[in-house]
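Note: the block below is protein_19.cif and it holds mmCIF, C-alpha atoms.
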data_model
#
loop_
_atom_site.label_atom_id
_atom_site.label_comp_id
_atom_site.auth_asym_id
_atom_site.auth_seq_id
_atom_site.Cartn_x
_atom_site.Cartn_y
_atom_site.Cartn_z
CA MET G 32 0.00 0.00 0.00
CA ASN G 33 1.39 3.40 -0.99
CA PHE G 34 1.09 6.27 1.49
CA LYS G 35 0.62 9.87 0.45
CA ARG G 36 0.72 13.19 2.28
CA LEU G 37 -2.75 14.53 2.94
CA GLY G 38 -2.57 17.82 1.07
CA LYS G 39 0.11 20.11 2.47
CA SER G 40 -0.12 18.55 5.93
CA GLY G 41 2.45 16.27 7.50
CA LEU G 42 -0.08 13.44 7.84
CA ARG G 43 0.53 10.44 5.62
CA VAL G 44 -2.49 8.37 4.67
CA PRO G 45 -2.88 5.15 2.69
CA GLU G 46 -3.96 5.73 -0.88
CA LEU G 47 -7.07 3.68 -0.14
CA SER G 48 -9.37 4.05 2.85
CA PHE G 49 -12.43 2.04 3.78
CA GLY G 50 -15.84 3.72 3.83
CA THR G 51 -18.32 2.60 6.47
CA ALA G 52 -21.58 3.68 4.81
CA THR G 53 -22.29 -0.05 4.48
CA PHE G 54 -22.26 -0.47 8.28
CA GLY G 55 -25.61 -0.75 10.03
CA GLY G 56 -28.26 -0.28 7.36
CA GLY G 57 -30.14 1.80 9.89
CA ASN G 58 -32.65 3.35 7.47
CA ASP G 59 -34.04 2.65 4.00
CA PHE G 60 -31.44 4.76 2.20
CA PHE G 61 -28.44 3.10 3.83
CA LYS G 62 -29.93 -0.40 3.63
CA ALA G 63 -29.33 -0.08 -0.12
CA TRP G 64 -25.62 0.43 0.67
CA GLY G 65 -25.36 -2.49 3.10
CA SER G 66 -26.20 -3.75 6.58
CA THR G 67 -22.86 -4.97 7.94
CA ASP G 68 -23.06 -5.74 11.66
CA THR G 69 -20.29 -5.43 14.27
CA SER G 70 -18.78 -8.88 13.75
CA GLY G 71 -18.80 -8.45 9.98
CA ALA G 72 -17.26 -4.99 10.33
CA ALA G 73 -14.50 -6.34 12.59
CA ARG G 74 -13.58 -8.95 9.96
CA LEU G 75 -13.51 -6.38 7.13
CA ILE G 76 -11.35 -4.07 9.26
CA ASP G 77 -8.90 -6.91 9.92
CA VAL G 78 -8.66 -7.60 6.18
CA CYS G 79 -8.07 -3.90 5.53
CA LEU G 80 -5.27 -3.70 8.11
CA GLU G 81 -3.65 -6.86 6.72
CA HIS G 82 -3.39 -5.08 3.36
CA GLY G 83 -2.33 -1.65 4.64
CA VAL G 84 -5.74 0.03 4.38
CA SER G 85 -5.46 1.77 7.73
CA MET G 86 -7.85 4.70 7.35
CA PHE G 87 -11.61 4.39 7.93
CA ASP G 88 -14.14 6.97 6.86
CA THR G 89 -17.55 7.49 8.42
CA ALA G 90 -20.08 10.25 9.22
CA ASP G 91 -22.58 11.05 11.93
CA VAL G 92 -25.48 10.72 9.47
CA TYR G 93 -24.55 7.24 8.23
CA SER G 94 -27.47 5.11 9.43
CA ASP G 95 -28.29 7.81 11.98
CA GLY G 96 -25.02 7.31 13.86
CA LEU G 97 -25.12 3.51 13.81
CA ALA G 98 -22.16 3.29 11.40
CA GLU G 99 -19.95 5.25 13.82
CA GLN G 100 -21.14 3.06 16.69
CA ILE G 101 -20.34 -0.17 14.82
CA LEU G 102 -16.95 1.18 13.75
CA GLY G 103 -16.16 2.07 17.36
CA GLU G 104 -16.97 -1.45 18.54
CA ALA G 105 -15.09 -3.10 15.67
CA ILE G 106 -11.81 -1.24 16.23
CA LYS G 107 -11.45 -2.00 19.94
CA GLY G 108 -7.85 -2.98 20.62
CA LYS G 109 -6.75 -1.66 17.21
CA ARG G 110 -7.00 2.12 17.65
CA ASN G 111 -3.24 2.69 17.52
CA ARG G 112 -3.06 0.96 14.13
CA LEU G 113 -5.51 3.13 12.22
CA LEU G 114 -6.84 6.58 11.36
CA ILE G 115 -10.47 7.65 11.71
CA SER G 116 -12.13 10.31 9.58
CA THR G 117 -15.69 11.40 10.17
CA LYS G 118 -18.00 14.17 9.04
CA VAL G 119 -20.53 16.54 10.58
CA THR G 120 -22.94 19.22 9.26
CA PHE G 121 -25.98 17.42 7.85
CA PRO G 122 -29.16 17.15 9.97
CA THR G 123 -29.04 14.62 12.81
CA GLY G 124 -32.35 15.55 14.46
CA GLN G 125 -35.40 17.77 14.31
CA GLY G 126 -34.07 20.62 16.48
CA PRO G 127 -33.17 24.06 15.12
CA ASN G 128 -29.49 23.50 15.91
CA ASP G 129 -29.27 19.86 14.85
CA TYR G 130 -27.52 20.74 11.59
CA GLY G 131 -25.04 23.16 10.07
CA SER G 132 -21.53 24.39 10.86
CA SER G 133 -22.34 26.63 13.81
CA ARG G 134 -20.26 26.50 16.99
CA GLN G 135 -23.28 24.99 18.77
CA HIS G 136 -23.77 22.13 16.33
CA ILE G 137 -20.13 21.28 15.58
CA ILE G 138 -19.16 20.96 19.26
CA GLU G 139 -22.22 18.89 20.08
CA ALA G 140 -21.80 16.70 16.98
CA VAL G 141 -18.11 16.05 17.63
CA ASN G 142 -18.74 15.10 21.26
CA LYS G 143 -21.45 12.65 20.18
CA SER G 144 -19.21 11.16 17.48
CA LEU G 145 -16.43 10.64 20.02
CA GLN G 146 -18.87 8.83 22.29
CA ARG G 147 -20.17 6.57 19.53
CA LEU G 148 -16.66 5.83 18.25
CA GLN G 149 -15.39 5.33 21.82
CA VAL G 150 -12.17 7.21 21.06
CA GLU G 151 -10.45 10.26 22.51
CA HIS G 152 -9.78 12.03 19.24
CA ILE G 153 -10.78 12.13 15.57
CA ASP G 154 -7.84 12.09 13.16
CA LEU G 155 -9.62 13.94 10.36
CA LEU G 156 -12.85 15.89 10.89
CA GLN G 157 -14.58 17.10 7.74
CA LEU G 158 -17.49 19.46 7.27
CA HIS G 159 -19.91 17.31 5.28
CA GLY G 160 -21.32 20.19 3.24
CA GLN G 161 -21.44 23.96 2.91
CA ASP G 162 -23.42 26.00 5.42
CA TYR G 163 -24.21 29.36 3.84
CA ASN G 164 -25.86 30.65 7.04
CA THR G 165 -22.88 30.43 9.39
CA PRO G 166 -19.91 32.82 9.05
CA VAL G 167 -16.75 30.92 8.15
CA GLU G 168 -14.98 32.69 11.03
CA GLU G 169 -17.35 31.06 13.51
CA THR G 170 -16.90 27.63 11.93
CA LEU G 171 -13.11 27.79 11.69
CA SER G 172 -12.60 29.22 15.17
CA THR G 173 -14.65 26.30 16.48
CA LEU G 174 -12.48 23.82 14.60
CA ASP G 175 -9.43 25.61 16.00
CA GLN G 176 -10.83 25.15 19.52
CA LEU G 177 -11.39 21.42 18.93
CA VAL G 178 -7.83 20.99 17.63
CA ARG G 179 -6.42 22.83 20.65
CA GLU G 180 -8.49 20.65 22.98
CA GLY G 181 -7.03 17.52 21.37
CA LYS G 182 -10.39 16.22 20.16
CA VAL G 183 -9.47 16.68 16.48
CA ARG G 184 -6.08 16.36 14.75
CA TYR G 185 -6.76 17.60 11.20
CA VAL G 186 -9.70 19.34 9.52
CA GLY G 187 -11.16 19.18 6.06
CA ALA G 188 -14.21 19.93 3.98
CA SER G 189 -16.51 17.87 1.81
CA ASN G 190 -18.70 18.76 -1.16
CA PHE G 191 -17.59 22.42 -1.11
CA SER G 192 -17.70 24.72 -4.12
CA GLY G 193 -14.43 26.31 -5.17
CA TRP G 194 -15.30 29.76 -3.86
CA HIS G 195 -16.43 28.48 -0.46
CA LEU G 196 -13.33 26.35 0.01
CA MET G 197 -11.07 29.24 -1.02
CA LYS G 198 -12.89 31.62 1.34
CA SER G 199 -12.31 29.16 4.18
CA LEU G 200 -8.62 28.77 3.34
CA ALA G 201 -8.15 32.53 3.19
CA THR G 202 -9.89 32.98 6.54
CA SER G 203 -7.67 30.32 8.11
CA GLU G 204 -4.57 32.07 6.80
CA ARG G 205 -5.77 35.45 8.08
CA TYR G 206 -6.49 34.32 11.63
CA GLY G 207 -4.09 31.39 12.01
CA TYR G 208 -6.84 28.78 12.19
CA PRO G 209 -6.25 25.18 11.03
CA ARG G 210 -6.48 24.90 7.24
CA HIS G 211 -8.62 22.39 5.41
CA VAL G 212 -5.96 19.87 4.38
CA ALA G 213 -8.49 17.56 2.72
CA HIS G 214 -11.52 17.94 0.51
CA GLN G 215 -13.71 14.85 0.34
CA ILE G 216 -15.21 15.01 -3.13
CA TYR G 217 -17.15 12.97 -5.65
CA TYR G 218 -14.94 12.07 -8.61
CA SER G 219 -15.08 9.20 -11.07
CA LEU G 220 -14.77 8.39 -14.75
CA LEU G 221 -18.53 8.88 -14.92
CA ASN G 222 -18.45 12.42 -13.49
CA ARG G 223 -15.28 14.49 -13.87
CA ASP G 224 -16.58 17.92 -12.79
CA TYR G 225 -13.95 17.98 -10.02
CA GLU G 226 -11.29 18.61 -12.67
CA TRP G 227 -12.77 21.92 -13.81
CA GLU G 228 -12.08 24.19 -10.81
CA LEU G 229 -11.64 22.14 -7.65
CA ALA G 230 -8.59 20.21 -8.88
CA PRO G 231 -6.64 23.35 -9.91
CA LEU G 232 -7.56 24.94 -6.56
CA ALA G 233 -6.37 21.81 -4.73
CA GLU G 234 -3.04 21.81 -6.54
CA ASP G 235 -2.50 25.53 -5.96
CA GLN G 236 -3.48 25.49 -2.28
CA GLY G 237 -2.24 22.04 -1.26
CA VAL G 238 -5.59 20.44 -0.45
CA GLY G 239 -5.66 16.66 -0.83
CA ALA G 240 -8.68 15.11 -2.51
CA VAL G 241 -10.33 12.26 -0.65
CA VAL G 242 -12.60 10.63 -3.24
CA TRP G 243 -16.02 9.24 -2.36
CA SER G 244 -18.05 6.92 -4.61
CA PRO G 245 -15.13 6.34 -7.03
CA LEU G 246 -17.17 3.74 -8.94
CA GLY G 247 -19.77 6.29 -9.97
CA TRP G 248 -22.48 5.47 -7.43
CA GLY G 249 -22.19 1.78 -8.33
CA LYS G 250 -22.40 2.31 -12.08
CA LEU G 251 -18.76 1.47 -12.93
CA THR G 252 -18.72 -2.16 -11.81
CA GLY G 253 -19.24 -3.61 -15.28
CA LYS G 254 -22.55 -5.15 -14.19
CA ILE G 255 -24.61 -2.47 -15.98
CA ARG G 256 -24.38 -2.67 -19.77
CA ARG G 257 -26.46 -2.23 -22.91
CA GLY G 258 -29.51 -4.42 -22.43
CA GLN G 259 -28.33 -5.36 -18.93
CA PRO G 260 -29.84 -3.01 -16.31
CA ALA G 261 -28.98 -2.89 -12.63
CA LYS G 262 -30.22 -5.87 -10.62
CA PRO G 263 -32.53 -5.64 -7.59
CA GLY G 264 -30.61 -5.59 -4.33
CA THR G 265 -27.90 -3.28 -5.69
CA ARG G 266 -27.58 0.41 -4.92
CA ALA G 267 -27.78 1.25 -8.62
CA HIS G 268 -31.23 -0.36 -8.70
CA ASP G 269 -32.74 0.19 -5.27
CA ILE G 270 -31.96 3.91 -5.02
CA ALA G 271 -31.57 4.61 -8.73
CA GLY G 272 -33.05 8.10 -8.45
CA THR G 273 -30.29 9.29 -6.12
CA GLY G 274 -26.71 10.22 -6.85
CA PRO G 275 -25.06 12.14 -9.68
CA HIS G 276 -26.58 12.69 -13.12
CA PHE G 277 -25.22 10.66 -16.01
CA GLU G 278 -26.13 9.87 -19.60
CA GLU G 279 -26.71 6.18 -20.23
CA GLU G 280 -24.96 6.04 -23.60
CA ARG G 281 -21.92 7.78 -22.14
CA LEU G 282 -21.80 5.18 -19.34
CA PHE G 283 -21.82 2.41 -21.93
CA ARG G 284 -19.03 4.16 -23.86
CA ILE G 285 -16.93 4.26 -20.68
CA ILE G 286 -17.63 0.59 -19.97
CA ASP G 287 -16.54 -0.27 -23.52
CA ALA G 288 -13.20 1.49 -22.91
CA LEU G 289 -12.82 -0.22 -19.54
CA ASP G 290 -13.40 -3.57 -21.27
CA VAL G 291 -10.51 -2.85 -23.63
CA VAL G 292 -8.16 -1.97 -20.78
CA ALA G 293 -9.35 -4.99 -18.76
CA GLU G 294 -8.39 -7.26 -21.66
CA GLN G 295 -4.95 -5.62 -21.89
CA THR G 296 -4.18 -5.67 -18.16
CA GLY G 297 -6.02 -8.70 -16.82
CA LYS G 298 -7.56 -6.44 -14.18
CA SER G 299 -11.26 -6.09 -13.37
CA ILE G 300 -13.34 -3.09 -14.39
CA PRO G 301 -13.63 -1.74 -10.80
CA GLN G 302 -9.87 -2.09 -10.32
CA ILE G 303 -9.18 -0.09 -13.47
CA ALA G 304 -11.67 2.66 -12.55
CA LEU G 305 -10.07 2.98 -9.10
CA ASN G 306 -6.52 2.90 -10.45
CA TRP G 307 -7.32 5.73 -12.88
CA LEU G 308 -8.16 7.92 -9.88
CA LEU G 309 -5.03 6.90 -7.95
CA GLY G 310 -2.91 8.36 -10.73
CA LYS G 311 -4.34 11.87 -10.38
CA ARG G 312 -1.97 14.47 -8.95
CA THR G 313 -4.26 15.98 -6.31
CA VAL G 314 -5.82 12.71 -5.12
CA SER G 315 -4.46 11.75 -1.70
CA ASN G 316 -6.92 8.97 -0.94
CA VAL G 317 -9.73 7.00 -2.56
CA ILE G 318 -12.51 5.60 -0.36
CA ILE G 319 -13.52 2.06 -1.20
CA GLY G 320 -16.55 0.24 0.15
CA ALA G 321 -17.47 -3.42 0.29
CA ARG G 322 -20.33 -5.54 1.54
CA ASP G 323 -18.13 -8.62 1.87
CA GLU G 324 -14.53 -9.78 1.99
CA LYS G 325 -14.39 -10.84 -1.66
CA GLN G 326 -15.44 -7.42 -2.88
CA LEU G 327 -12.99 -5.75 -0.51
CA ILE G 328 -10.03 -7.82 -1.73
CA GLU G 329 -10.93 -7.02 -5.34
CA ASN G 330 -11.01 -3.28 -4.63
CA ILE G 331 -7.68 -3.41 -2.80
CA GLY G 332 -6.28 -4.96 -5.98
CA ALA G 333 -6.51 -1.54 -7.60
CA THR G 334 -3.15 -0.67 -6.01
CA GLY G 335 0.41 -1.68 -6.86
CA TRP G 336 0.29 -1.15 -10.63
CA SER G 337 -0.27 1.67 -13.11
CA LEU G 338 -2.15 2.29 -16.31
CA THR G 339 -0.09 3.14 -19.38
CA PRO G 340 -0.37 6.63 -20.91
CA GLU G 341 -2.26 5.07 -23.83
CA GLN G 342 -4.75 3.36 -21.51
CA ASN G 343 -5.27 6.61 -19.59
CA ALA G 344 -5.87 8.45 -22.86
CA LEU G 345 -8.44 5.86 -23.96
CA LEU G 346 -10.39 6.15 -20.69
CA GLU G 347 -10.27 9.93 -20.68
CA ALA G 348 -11.44 10.19 -24.28
CA ALA G 349 -14.38 7.89 -23.56
CA SER G 350 -15.38 9.79 -20.41
CA ASP G 351 -14.79 13.34 -21.59
CA VAL G 352 -17.61 15.91 -21.60
CA PRO G 353 -17.68 19.57 -22.64
CA PRO G 354 -16.83 21.64 -19.55
CA ALA G 355 -18.93 24.47 -18.18
CA TYR G 356 -18.04 28.15 -18.52
CA PRO G 357 -15.51 29.60 -17.74
CA VAL G 358 -13.50 26.38 -17.97
CA TRP G 359 -14.01 25.87 -21.70
CA HIS G 360 -12.99 29.47 -22.32
CA GLN G 361 -9.82 29.19 -20.22
CA ARG G 362 -8.83 25.97 -21.97
CA SER G 363 -8.83 27.87 -25.26
CA PHE G 364 -5.65 29.67 -24.17
CA ALA G 365 -3.15 26.91 -23.50
CA ILE G 366 -0.25 29.29 -22.80
CA LEU G 367 -2.12 30.70 -19.79
CA ASN G 368 -2.65 27.24 -18.32
CA GLU G 369 0.95 26.06 -18.37
CA ARG G 370 2.63 25.84 -14.99
CA ASP G 371 6.24 26.89 -14.67
CA ALA G 372 8.58 24.07 -13.71
#
Could you show the structure in this file as structure tokens?
Amino acid sequence: MNFKRLGKSGLRVPELSFGTATFGGGNDFFKAWGSTDTSGAARLIDVCLEHGVSMFDTADVYSDGLAEQILGEAIKGKRNRLLISTKVTFPTGQGPNDYGSSRQHIIEAVNKSLQRLQVEHIDLLQLHGQDYNTPVEETLSTLDQLVREGKVRYVGASNFSGWHLMKSLATSERYGYPRHVAHQIYYSLLNRDYEWELAPLAEDQGVGAVVWSPLGWGKLTGKIRRGQPAKPGTRAHDIAGTGPHFEEERLFRIIDALDVVAEQTGKSIPQIALNWLLGKRTVSNVIIGARDEKQLIENIGATGWSLTPEQNALLEAASDVPPAYPVWHQRSFAILNERDA
């Protein structure tokens, strides 16, 4: 397992981490992801650690906190061997302060996460989404307080727009607050919007991308093809109306290209889709998920090898889409986009 620095921080993380959205199945939405119990989670965590996957990602809203609780039980006796990342911001109750990035909610949410996880600190705390109603100074000063108290080691964001992330980074620099060293983002061959503005920002500011749903919300497994729709019992079928937008014919075009590379490399389609992400400059970590040990081992097999430039070019041609403004305009002036050595 390769280890990479998380953005500009000194923290080194494995290039793969394990996502715990499959733990618990505590509500209808997350049942479509999985319903792994504590004993099953403990086994998957052992397999991860055996292969160097020593970072585990969760969130307070995963199965209404049950995923954090199961993770906490499953890592007993192993805490010094792994990193924990979790997320707060989304609603966790019906109260007026049960959501957002206010001082009130963040402190309460972090304390509850620590209790469920049964740990003394969170290695990486990420804001799960943007809160337009709370001043960034309030949010970042609260994160600074949590770092100083030893409850949090590093901070990051998730699902931020470019302007909101940059505003947060500038505020941190102005007041000496902890910077967002990670940005947990959606990125896959099926949806490459991250490349338009967030990737250049990440490279310029030293923010490591932590990629969620790298297999395109379950679409890039090779199980969905022309005349072969998603099967019942899979996320792509059971919650088909959720997740990112995609065009069906474009998905099939990507699968065709993945088939070609699979034949050349002897690797599976999911392994190739994951490996493509691991080769991106700003990607520090890719979150993999698995309902069982077999699927987990297959996903871990995405590491330890590289696509050729020709294979990368084939996949990128098949998955390319016209970018939004002003990206297409900027790309028209190549000399302005070149970085000095």
- prompt: So which residues touch segment 109-122 of chain G within 7 Å, counting only C-alpha atoms, skipping near sequence neighbours fewer than 4 positions away, as a PyMOL selection string?
  reply: chain G and resi 85-92+129-132+137+140+153-160
Create the file for the chosen residues now, containing C-alpha atoms and written as a compact mmCIF listing (two decimals), in the frame of the given file.
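Once written, part.txt looks like this:
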# COMPACT_ATOMS: atom_id res chain seq x y z
CA SER G 85 -5.46 1.77 7.73
CA MET G 86 -7.85 4.70 7.35
CA PHE G 87 -11.61 4.39 7.93
CA ASP G 88 -14.14 6.97 6.86
CA THR G 89 -17.55 7.49 8.42
CA ALA G 90 -20.08 10.25 9.22
CA ASP G 91 -22.58 11.05 11.93
CA VAL G 92 -25.48 10.72 9.47
CA ASP G 129 -29.27 19.86 14.85
CA TYR G 130 -27.52 20.74 11.59
CA GLY G 131 -25.04 23.16 10.07
CA SER G 132 -21.53 24.39 10.86
CA ILE G 137 -20.13 21.28 15.58
CA ALA G 140 -21.80 16.70 16.98
CA ILE G 153 -10.78 12.13 15.57
CA ASP G 154 -7.84 12.09 13.16
CA LEU G 155 -9.62 13.94 10.36
CA LEU G 156 -12.85 15.89 10.89
CA GLN G 157 -14.58 17.10 7.74
CA LEU G 158 -17.49 19.46 7.27
CA HIS G 159 -19.91 17.31 5.28
CA GLY G 160 -21.32 20.19 3.24
Which residues, named as in the file, does the PyMOL selection byres ((chain G and resi 236-238) around 7) pick out? Answer as a PDB file with C-alpha atoms, keeping the file's coordinate frame.
ATOM      1  CA  GLY G  38      -2.570  17.820   1.070  1.00  0.00           C
ATOM      2  CA  LYS G  39       0.110  20.110   2.470  1.00  0.00           C
ATOM      3  CA  HIS G 211      -8.620  22.390   5.410  1.00  0.00           C
ATOM      4  CA  VAL G 212      -5.960  19.870   4.380  1.00  0.00           C
ATOM      5  CA  ALA G 213      -8.490  17.560   2.720  1.00  0.00           C
ATOM      6  CA  HIS G 214     -11.520  17.940   0.510  1.00  0.00           C
ATOM      7  CA  LEU G 232      -7.560  24.940  -6.560  1.00  0.00           C
ATOM      8  CA  ALA G 233      -6.370  21.810  -4.730  1.00  0.00           C
ATOM      9  CA  GLU G 234      -3.040  21.810  -6.540  1.00  0.00           C
ATOM     10  CA  ASP G 235      -2.500  25.530  -5.960  1.00  0.00           C
ATOM     11  CA  GLY G 239      -5.660  16.660  -0.830  1.00  0.00           C
ATOM     12  CA  ALA G 240      -8.680  15.110  -2.510  1.00  0.00           C
TER      13      ALA G 240
END
field: Selection under test: the PyMOL selection byres ((chain G and resi 305-308) around 9); residues as number ranges by chain
entry: G: 218-220, 242, 245-246, 300-304, 309-311, 314, 317, 319, 330, 333-334, 336-338, 343, 346
- request: Could you please determine the separation between atom CA of Arg205 of chain G and atom CA of Asn128 of chain G in Å, to one decimal place?
  value: 27.7 Å
message: as number ranges by chain, please: the residues near Thr53 of chain G (cut-off 6 Å, only C-alpha atoms, same-chain neighbours under 4 positions excluded).
response: G: 64-66
- prompt: Using all atoms listed in the file, can you list as a ChimeraX atom specification the residues within 6 Å of (-11.1, 2.6, -21.1)?
  reply: /G:288-289,292,345-346
With C-alpha atoms kept, could you save the residues just selected as a PDB file, in the frame of the given file?
ATOM      1  CA  ALA G 288     -13.200   1.490 -22.910  1.00  0.00           C
ATOM      2  CA  LEU G 289     -12.820  -0.220 -19.540  1.00  0.00           C
ATOM      3  CA  VAL G 292      -8.160  -1.970 -20.780  1.00  0.00           C
ATOM      4  CA  LEU G 345      -8.440   5.860 -23.960  1.00  0.00           C
ATOM      5  CA  LEU G 346     -10.390   6.150 -20.690  1.00  0.00           C
TER       6      LEU G 346
END
Atom CA of Asp351 of chain G to atom CA of Pro260 of chain G, straight-line distance in Å: 22.8 Å
Residues selected by the PyMOL selection byres ((chain G and resi 281) around 12), written as a PDB file with C-alpha atoms, keeping the file's coordinate frame:
ATOM      1  CA  LEU G 220     -14.770   8.390 -14.750  1.00  0.00           C
ATOM      2  CA  LEU G 221     -18.530   8.880 -14.920  1.00  0.00           C
ATOM      3  CA  ASN G 222     -18.450  12.420 -13.490  1.00  0.00           C
ATOM      4  CA  LYS G 250     -22.400   2.310 -12.080  1.00  0.00           C
ATOM      5  CA  LEU G 251     -18.760   1.470 -12.930  1.00  0.00           C
ATOM      6  CA  ARG G 256     -24.380  -2.670 -19.770  1.00  0.00           C
ATOM      7  CA  ARG G 257     -26.460  -2.230 -22.910  1.00  0.00           C
ATOM      8  CA  HIS G 276     -26.580  12.690 -13.120  1.00  0.00           C
ATOM      9  CA  PHE G 277     -25.220  10.660 -16.010  1.00  0.00           C
ATOM     10  CA  GLU G 278     -26.130   9.870 -19.600  1.00  0.00           C
ATOM     11  CA  GLU G 279     -26.710   6.180 -20.230  1.00  0.00           C
ATOM     12  CA  GLU G 280     -24.960   6.040 -23.600  1.00  0.00           C
ATOM     13  CA  LEU G 282     -21.800   5.180 -19.340  1.00  0.00           C
ATOM     14  CA  PHE G 283     -21.820   2.410 -21.930  1.00  0.00           C
ATOM     15  CA  ARG G 284     -19.030   4.160 -23.860  1.00  0.00           C
ATOM     16  CA  ILE G 285     -16.930   4.260 -20.680  1.00  0.00           C
ATOM     17  CA  ILE G 286     -17.630   0.590 -19.970  1.00  0.00           C
ATOM     18  CA  ASP G 287     -16.540  -0.270 -23.520  1.00  0.00           C
ATOM     19  CA  ALA G 288     -13.200   1.490 -22.910  1.00  0.00           C
ATOM     20  CA  LEU G 346     -10.390   6.150 -20.690  1.00  0.00           C
ATOM     21  CA  GLU G 347     -10.270   9.930 -20.680  1.00  0.00           C
ATOM     22  CA  ALA G 348     -11.440  10.190 -24.280  1.00  0.00           C
ATOM     23  CA  ALA G 349     -14.380   7.890 -23.560  1.00  0.00           C
ATOM     24  CA  SER G 350     -15.380   9.790 -20.410  1.00  0.00           C
ATOM     25  CA  ASP G 351     -14.790  13.340 -21.590  1.00  0.00           C
ATOM     26  CA  VAL G 352     -17.610  15.910 -21.600  1.00  0.00           C
TER      27      VAL G 352
END
Do you know which residues are at most 12 Å from segment 322-325 of chain G counting all atoms listed in the file, after dropping those on the same chain fewer than 6 positions away, and could you put them as a PDB file with C-alpha atoms, keeping the file's coordinate frame?
ATOM      1  CA  PHE G  49     -12.430   2.040   3.780  1.00  0.00           C
ATOM      2  CA  GLY G  50     -15.840   3.720   3.830  1.00  0.00           C
ATOM      3  CA  THR G  51     -18.320   2.600   6.470  1.00  0.00           C
ATOM      4  CA  ALA G  52     -21.580   3.680   4.810  1.00  0.00           C
ATOM      5  CA  THR G  53     -22.290  -0.050   4.480  1.00  0.00           C
ATOM      6  CA  PHE G  54     -22.260  -0.470   8.280  1.00  0.00           C
ATOM      7  CA  GLY G  55     -25.610  -0.750  10.030  1.00  0.00           C
ATOM      8  CA  GLY G  56     -28.260  -0.280   7.360  1.00  0.00           C
ATOM      9  CA  LYS G  62     -29.930  -0.400   3.630  1.00  0.00           C
ATOM     10  CA  ALA G  63     -29.330  -0.080  -0.120  1.00  0.00           C
ATOM     11  CA  TRP G  64     -25.620   0.430   0.670  1.00  0.00           C
ATOM     12  CA  GLY G  65     -25.360  -2.490   3.100  1.00  0.00           C
ATOM     13  CA  SER G  66     -26.200  -3.750   6.580  1.00  0.00           C
ATOM     14  CA  THR G  67     -22.860  -4.970   7.940  1.00  0.00           C
ATOM     15  CA  ASP G  68     -23.060  -5.740  11.660  1.00  0.00           C
ATOM     16  CA  SER G  70     -18.780  -8.880  13.750  1.00  0.00           C
ATOM     17  CA  GLY G  71     -18.800  -8.450   9.980  1.00  0.00           C
ATOM     18  CA  ALA G  72     -17.260  -4.990  10.330  1.00  0.00           C
ATOM     19  CA  ALA G  73     -14.500  -6.340  12.590  1.00  0.00           C
ATOM     20  CA  ARG G  74     -13.580  -8.950   9.960  1.00  0.00           C
ATOM     21  CA  LEU G  75     -13.510  -6.380   7.130  1.00  0.00           C
ATOM     22  CA  ILE G  76     -11.350  -4.070   9.260  1.00  0.00           C
ATOM     23  CA  ASP G  77      -8.900  -6.910   9.920  1.00  0.00           C
ATOM     24  CA  VAL G  78      -8.660  -7.600   6.180  1.00  0.00           C
ATOM     25  CA  CYS G  79      -8.070  -3.900   5.530  1.00  0.00           C
ATOM     26  CA  GLY G 264     -30.610  -5.590  -4.330  1.00  0.00           C
ATOM     27  CA  THR G 265     -27.900  -3.280  -5.690  1.00  0.00           C
ATOM     28  CA  ARG G 266     -27.580   0.410  -4.920  1.00  0.00           C
ATOM     29  CA  ILE G 331      -7.680  -3.410  -2.800  1.00  0.00           C
ATOM     30  CA  GLY G 332      -6.280  -4.960  -5.980  1.00  0.00           C
TER      31      GLY G 332
END
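Of the residues under consideration (G:Asn142, G:Thr313, G:Asn33, G:Thr173), G:Thr313 shows the shortest atom-to-atom contact distance to Glu226 of chain G when counting all atoms listed in the file.
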message: Which residues are near Tyr163 of chain G? Cut-off 12 Å, all atoms listed in the file, ignore same chain within fewer than 3 positions. Put them as a PyMOL selection string.
response: chain G and resi 120+131-133+160+166-167+169-170+191-192+194-196+198-199
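Picture a line from atom CA of Leu42 of chain G to atom CA of Arg184 of chain G; it runs 9.6 Å.
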message: Need the shell around Arg147 of chain G: protein/DNA/RNA residues with any atom at most 6 Å away, counting all atoms listed in the file. Skip same-chain ones fewer than 3 positions apart. Format as a ChimeraX atom specification?
response: /G:99-100,144
Preceding selection exported with C-alpha atoms as a compact mmCIF listing (two decimals), keeping the file's coordinate frame:
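again_38.txt written:
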# COMPACT_ATOMS: atom_id res chain seq x y z
CA GLU G 99 -19.95 5.25 13.82
CA GLN G 100 -21.14 3.06 16.69
CA SER G 144 -19.21 11.16 17.48
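Of the residues listed (G:Arg362, G:Tyr217, G:Glu46, G:Thr339), G:Thr339 shows the shortest atom-to-atom separation from Gln295 of chain G; distances use all atoms listed in the file.
Of the listed residues (G:Leu174, G:Leu200, G:Leu102, G:Val241), G:Val241 comes nearest to Arg36 of chain G; the distances count all atoms listed in the file.
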